[in-house]
$ cat entry.cif   # mmCIF, N, CA and C atoms
data_data
loop_
_atom_site.label_atom_id
_atom_site.label_comp_id
_atom_site.auth_asym_id
_atom_site.auth_seq_id
_atom_site.Cartn_x
_atom_site.Cartn_y
_atom_site.Cartn_z
N MET A 1 -49.19 41.94 -8.00
CA MET A 1 -49.62 42.59 -9.20
C MET A 1 -50.91 41.93 -9.64
N GLU A 2 -51.88 42.74 -10.03
CA GLU A 2 -53.15 42.21 -10.49
C GLU A 2 -53.75 43.17 -11.49
N GLY A 3 -54.66 42.67 -12.30
CA GLY A 3 -55.28 43.55 -13.27
C GLY A 3 -56.27 42.82 -14.15
N ASN A 4 -56.67 43.52 -15.20
CA ASN A 4 -57.65 43.04 -16.15
C ASN A 4 -56.94 42.68 -17.45
N LEU A 5 -57.28 41.55 -18.04
CA LEU A 5 -56.63 41.13 -19.27
C LEU A 5 -56.98 42.02 -20.46
N GLN A 6 -58.05 42.81 -20.36
CA GLN A 6 -58.35 43.77 -21.42
C GLN A 6 -57.33 44.90 -21.41
N ASP A 7 -56.83 45.25 -20.23
CA ASP A 7 -55.85 46.33 -20.10
C ASP A 7 -54.42 45.83 -20.28
N THR A 8 -54.14 44.64 -19.78
CA THR A 8 -52.81 44.03 -19.85
C THR A 8 -52.96 42.62 -20.40
N PRO A 9 -52.67 42.42 -21.67
CA PRO A 9 -52.80 41.07 -22.23
C PRO A 9 -51.89 40.08 -21.51
N LEU A 10 -52.30 38.83 -21.48
CA LEU A 10 -51.52 37.79 -20.81
C LEU A 10 -50.11 37.69 -21.37
N SER A 11 -49.98 37.83 -22.68
CA SER A 11 -48.64 37.75 -23.28
C SER A 11 -47.74 38.87 -22.76
N SER A 12 -48.28 40.07 -22.55
CA SER A 12 -47.50 41.18 -22.00
C SER A 12 -47.12 40.94 -20.55
N LEU A 13 -48.05 40.38 -19.77
CA LEU A 13 -47.76 40.06 -18.38
C LEU A 13 -46.64 39.03 -18.29
N LEU A 14 -46.73 37.98 -19.10
CA LEU A 14 -45.70 36.94 -19.08
C LEU A 14 -44.35 37.47 -19.56
N GLU A 15 -44.37 38.40 -20.51
CA GLU A 15 -43.12 39.01 -20.98
C GLU A 15 -42.47 39.81 -19.85
N LEU A 16 -43.28 40.56 -19.10
CA LEU A 16 -42.76 41.34 -17.96
C LEU A 16 -42.15 40.41 -16.91
N ILE A 17 -42.85 39.34 -16.59
CA ILE A 17 -42.35 38.37 -15.60
C ILE A 17 -41.05 37.75 -16.10
N HIS A 18 -41.00 37.44 -17.39
CA HIS A 18 -39.79 36.84 -17.97
C HIS A 18 -38.61 37.82 -17.93
N LEU A 19 -38.84 39.05 -18.36
CA LEU A 19 -37.75 40.03 -18.42
C LEU A 19 -37.19 40.39 -17.05
N THR A 20 -38.04 40.34 -16.03
CA THR A 20 -37.61 40.68 -14.67
C THR A 20 -37.23 39.44 -13.87
N LYS A 21 -37.28 38.27 -14.53
CA LYS A 21 -36.88 36.99 -13.93
C LYS A 21 -37.55 36.72 -12.58
N GLN A 22 -38.85 36.97 -12.52
CA GLN A 22 -39.60 36.75 -11.29
C GLN A 22 -40.03 35.29 -11.18
N SER A 23 -40.32 34.89 -9.96
CA SER A 23 -40.83 33.55 -9.67
C SER A 23 -42.13 33.70 -8.91
N GLY A 24 -43.04 32.77 -9.14
CA GLY A 24 -44.30 32.79 -8.42
C GLY A 24 -45.40 32.10 -9.19
N MET A 25 -46.62 32.54 -8.94
CA MET A 25 -47.79 31.94 -9.55
C MET A 25 -48.66 33.03 -10.16
N VAL A 26 -49.13 32.79 -11.38
CA VAL A 26 -50.08 33.68 -12.04
C VAL A 26 -51.42 32.96 -12.05
N GLN A 27 -52.41 33.58 -11.45
CA GLN A 27 -53.74 32.98 -11.41
C GLN A 27 -54.65 33.82 -12.28
N ILE A 28 -55.33 33.17 -13.24
CA ILE A 28 -56.19 33.85 -14.18
C ILE A 28 -57.61 33.37 -13.98
N THR A 29 -58.51 34.32 -13.78
CA THR A 29 -59.92 34.02 -13.66
C THR A 29 -60.57 34.46 -14.96
N ALA A 30 -60.96 33.48 -15.77
CA ALA A 30 -61.58 33.74 -17.06
C ALA A 30 -62.63 32.65 -17.29
N ASP A 31 -63.13 32.56 -18.53
CA ASP A 31 -64.09 31.50 -18.84
C ASP A 31 -63.54 30.13 -18.45
N VAL A 32 -62.26 29.92 -18.73
CA VAL A 32 -61.56 28.71 -18.31
C VAL A 32 -60.44 29.17 -17.38
N PRO A 33 -60.52 28.86 -16.08
CA PRO A 33 -59.49 29.31 -15.14
C PRO A 33 -58.14 28.67 -15.46
N LEU A 34 -57.11 29.46 -15.28
CA LEU A 34 -55.76 29.04 -15.63
C LEU A 34 -54.81 29.47 -14.53
N THR A 35 -53.90 28.59 -14.16
CA THR A 35 -52.85 28.90 -13.19
C THR A 35 -51.52 28.54 -13.83
N LEU A 36 -50.57 29.48 -13.77
CA LEU A 36 -49.23 29.25 -14.30
C LEU A 36 -48.22 29.42 -13.18
N TYR A 37 -47.22 28.55 -13.15
CA TYR A 37 -46.13 28.65 -12.18
C TYR A 37 -44.87 29.03 -12.93
N VAL A 38 -44.17 30.05 -12.45
CA VAL A 38 -42.96 30.52 -13.11
C VAL A 38 -41.79 30.51 -12.14
N SER A 39 -40.63 30.23 -12.67
CA SER A 39 -39.40 30.24 -11.89
C SER A 39 -38.35 31.00 -12.69
N ASN A 40 -37.81 32.05 -12.09
CA ASN A 40 -36.83 32.90 -12.77
C ASN A 40 -37.30 33.34 -14.15
N GLY A 41 -38.58 33.66 -14.25
CA GLY A 41 -39.16 34.18 -15.48
C GLY A 41 -39.60 33.15 -16.49
N GLU A 42 -39.41 31.86 -16.19
CA GLU A 42 -39.77 30.79 -17.12
C GLU A 42 -40.98 30.02 -16.60
N ILE A 43 -41.92 29.72 -17.46
CA ILE A 43 -43.07 28.90 -17.08
C ILE A 43 -42.58 27.47 -16.85
N ILE A 44 -42.85 26.95 -15.65
CA ILE A 44 -42.39 25.59 -15.33
C ILE A 44 -43.54 24.60 -15.19
N SER A 45 -44.76 25.10 -14.99
CA SER A 45 -45.90 24.21 -14.84
C SER A 45 -47.17 25.05 -14.93
N GLY A 46 -48.29 24.37 -14.94
CA GLY A 46 -49.55 25.08 -14.98
C GLY A 46 -50.72 24.15 -14.74
N GLN A 47 -51.89 24.76 -14.71
CA GLN A 47 -53.10 23.99 -14.46
C GLN A 47 -54.28 24.68 -15.13
N ILE A 48 -55.07 23.90 -15.86
CA ILE A 48 -56.34 24.36 -16.41
C ILE A 48 -57.39 23.42 -15.85
N LEU A 49 -58.32 23.98 -15.07
CA LEU A 49 -59.30 23.17 -14.36
C LEU A 49 -58.56 22.10 -13.57
N ASP A 50 -58.75 20.81 -13.87
CA ASP A 50 -58.03 19.77 -13.12
C ASP A 50 -56.89 19.15 -13.93
N TRP A 51 -56.54 19.73 -15.06
CA TRP A 51 -55.47 19.25 -15.92
C TRP A 51 -54.20 20.00 -15.55
N GLN A 52 -53.17 19.27 -15.12
CA GLN A 52 -51.94 19.89 -14.64
C GLN A 52 -50.75 19.52 -15.50
N GLY A 53 -49.73 20.36 -15.47
CA GLY A 53 -48.47 20.08 -16.14
C GLY A 53 -48.23 20.96 -17.35
N LEU A 54 -47.11 20.74 -17.99
CA LEU A 54 -46.73 21.56 -19.14
C LEU A 54 -47.66 21.34 -20.33
N GLU A 55 -48.24 20.13 -20.46
CA GLU A 55 -49.19 19.89 -21.54
C GLU A 55 -50.41 20.80 -21.39
N ALA A 56 -50.83 21.01 -20.16
CA ALA A 56 -51.96 21.90 -19.92
C ALA A 56 -51.62 23.32 -20.36
N VAL A 57 -50.41 23.76 -20.04
CA VAL A 57 -49.97 25.11 -20.41
C VAL A 57 -49.91 25.23 -21.93
N GLN A 58 -49.36 24.22 -22.59
CA GLN A 58 -49.22 24.27 -24.04
C GLN A 58 -50.56 24.31 -24.75
N SER A 59 -51.61 23.83 -24.11
CA SER A 59 -52.92 23.81 -24.74
C SER A 59 -53.71 25.10 -24.51
N CYS A 60 -53.24 25.95 -23.60
CA CYS A 60 -54.03 27.14 -23.26
C CYS A 60 -53.80 28.25 -24.28
N LEU A 61 -54.74 29.15 -24.30
CA LEU A 61 -54.65 30.31 -25.19
C LEU A 61 -53.93 31.43 -24.44
N LEU A 62 -52.71 31.74 -24.84
CA LEU A 62 -51.95 32.80 -24.16
C LEU A 62 -52.37 34.18 -24.64
N HIS A 63 -53.34 34.23 -25.52
CA HIS A 63 -53.83 35.52 -26.01
C HIS A 63 -55.23 35.80 -25.47
N LEU A 64 -55.49 35.36 -24.25
CA LEU A 64 -56.78 35.65 -23.62
C LEU A 64 -56.98 37.15 -23.56
N SER A 65 -58.21 37.60 -23.83
CA SER A 65 -58.47 39.05 -23.82
C SER A 65 -59.49 39.46 -22.77
N THR A 66 -60.09 38.49 -22.11
CA THR A 66 -61.04 38.83 -21.04
C THR A 66 -60.70 38.04 -19.79
N GLY A 67 -61.00 38.63 -18.66
CA GLY A 67 -60.74 37.99 -17.39
C GLY A 67 -59.82 38.83 -16.52
N GLN A 68 -59.53 38.30 -15.35
CA GLN A 68 -58.67 38.97 -14.37
C GLN A 68 -57.43 38.13 -14.13
N PHE A 69 -56.34 38.79 -13.74
CA PHE A 69 -55.14 38.05 -13.37
C PHE A 69 -54.61 38.59 -12.06
N ARG A 70 -53.90 37.73 -11.37
CA ARG A 70 -53.19 38.12 -10.15
C ARG A 70 -51.89 37.33 -10.10
N PHE A 71 -50.79 38.04 -9.81
CA PHE A 71 -49.48 37.41 -9.70
C PHE A 71 -49.10 37.34 -8.23
N TYR A 72 -48.78 36.15 -7.78
CA TYR A 72 -48.34 35.91 -6.41
C TYR A 72 -46.85 35.61 -6.45
N PRO A 73 -46.00 36.59 -6.11
CA PRO A 73 -44.56 36.34 -6.18
C PRO A 73 -44.12 35.30 -5.15
N ASN A 74 -43.16 34.51 -5.56
CA ASN A 74 -42.49 33.54 -4.70
C ASN A 74 -43.40 32.42 -4.19
N VAL A 75 -44.56 32.21 -4.80
CA VAL A 75 -45.40 31.06 -4.44
C VAL A 75 -44.97 29.90 -5.31
N THR A 76 -44.68 28.76 -4.71
CA THR A 76 -44.23 27.59 -5.45
C THR A 76 -45.40 26.66 -5.71
N THR A 77 -45.20 25.70 -6.59
CA THR A 77 -46.24 24.71 -6.85
C THR A 77 -46.54 23.90 -5.60
N ILE A 78 -45.56 23.67 -4.76
CA ILE A 78 -45.77 22.90 -3.52
C ILE A 78 -46.70 23.66 -2.58
N GLU A 79 -46.48 24.97 -2.42
CA GLU A 79 -47.34 25.77 -1.56
C GLU A 79 -48.77 25.79 -2.10
N ALA A 80 -48.91 25.93 -3.40
CA ALA A 80 -50.25 25.98 -4.00
C ALA A 80 -50.98 24.66 -3.83
N GLN A 81 -50.28 23.54 -3.97
CA GLN A 81 -50.90 22.24 -3.86
C GLN A 81 -51.22 21.86 -2.41
N SER A 82 -50.64 22.58 -1.45
CA SER A 82 -50.88 22.24 -0.05
C SER A 82 -52.21 22.79 0.47
N GLY A 83 -52.96 23.45 -0.41
CA GLY A 83 -54.26 23.95 0.01
C GLY A 83 -54.24 25.41 0.38
N PHE A 84 -53.14 26.10 0.18
CA PHE A 84 -53.03 27.52 0.43
C PHE A 84 -54.05 28.22 -0.44
N ASP A 85 -55.07 28.86 0.13
CA ASP A 85 -56.18 29.43 -0.63
C ASP A 85 -55.74 30.73 -1.30
N LEU A 86 -55.64 30.69 -2.64
CA LEU A 86 -55.15 31.84 -3.38
C LEU A 86 -56.22 32.45 -4.27
N LEU A 87 -57.43 31.95 -4.23
CA LEU A 87 -58.47 32.50 -5.08
C LEU A 87 -58.89 33.87 -4.60
N PHE A 88 -59.26 34.73 -5.54
CA PHE A 88 -59.69 36.07 -5.14
C PHE A 88 -61.12 36.30 -5.40
#
$ encode --input "entry.cif" --output "structure tokens"
Amino acid sequence: MEGNLQDTPLSSLLELIHLTKQSGMVQITADVPLTLYVSNGEIISGQILDWQGLEAVQSCLLHLSTGQFRFYPNVTTIEAQSGFDLLF
């Protein structure tokens, strides 16, 4: 799943992922790039630039209105950290 944050706000995307209990990675390309990792619909970790962890997620603006997003189902934090190139 991918799209534009102007059409689908980040909060709506995360609500959909939560309600359907999906797992994977959400990659957001915006002024400040953001990556979120979800498991069974819950955010478990994230990364803003080189800042990783739940503190990074808590500091981000979940009401971003510009940028692109892409959801990679079933991608774990281990796969992402191994150098698996997920940028679009």
$ atom_distance --input "entry.cif" --atom1 "atom C of Lys21 in chain A" --atom2 "CA of Leu5 in chain A"
20.7 Å
$ resolve_selection --input "entry.cif" --expression "the PyMOL selection byres (((chain A and resi 40 and name CA) around 7) and name CA)" --output "list in words"
Lys21, Gln22, Ser23, Val38, Ser39, Gly41 and Glu42 of chain A
$ closest_residue --input "entry.cif" --among "A:Gly24, A:Ser65, A:Leu34, A:Pro73" --to "Asp7 in chain A" --atoms "all atoms listed in the file"
A:Ser65
$ select_by_dssp --input "entry.cif" --residues "chain A" --states "strand (DSSP E or B)" --output "PyMOL selection string"
chain A and resi 2-4+24-29+34-39+42-48+51-52+68-73
$ resolve_selection --input "entry.cif" --expression "the PyMOL selection byres ((chain A and resi 25) around 6.5)" --output "PyMOL selection string"
chain A and resi 23-24+26-27+35-38+70-76
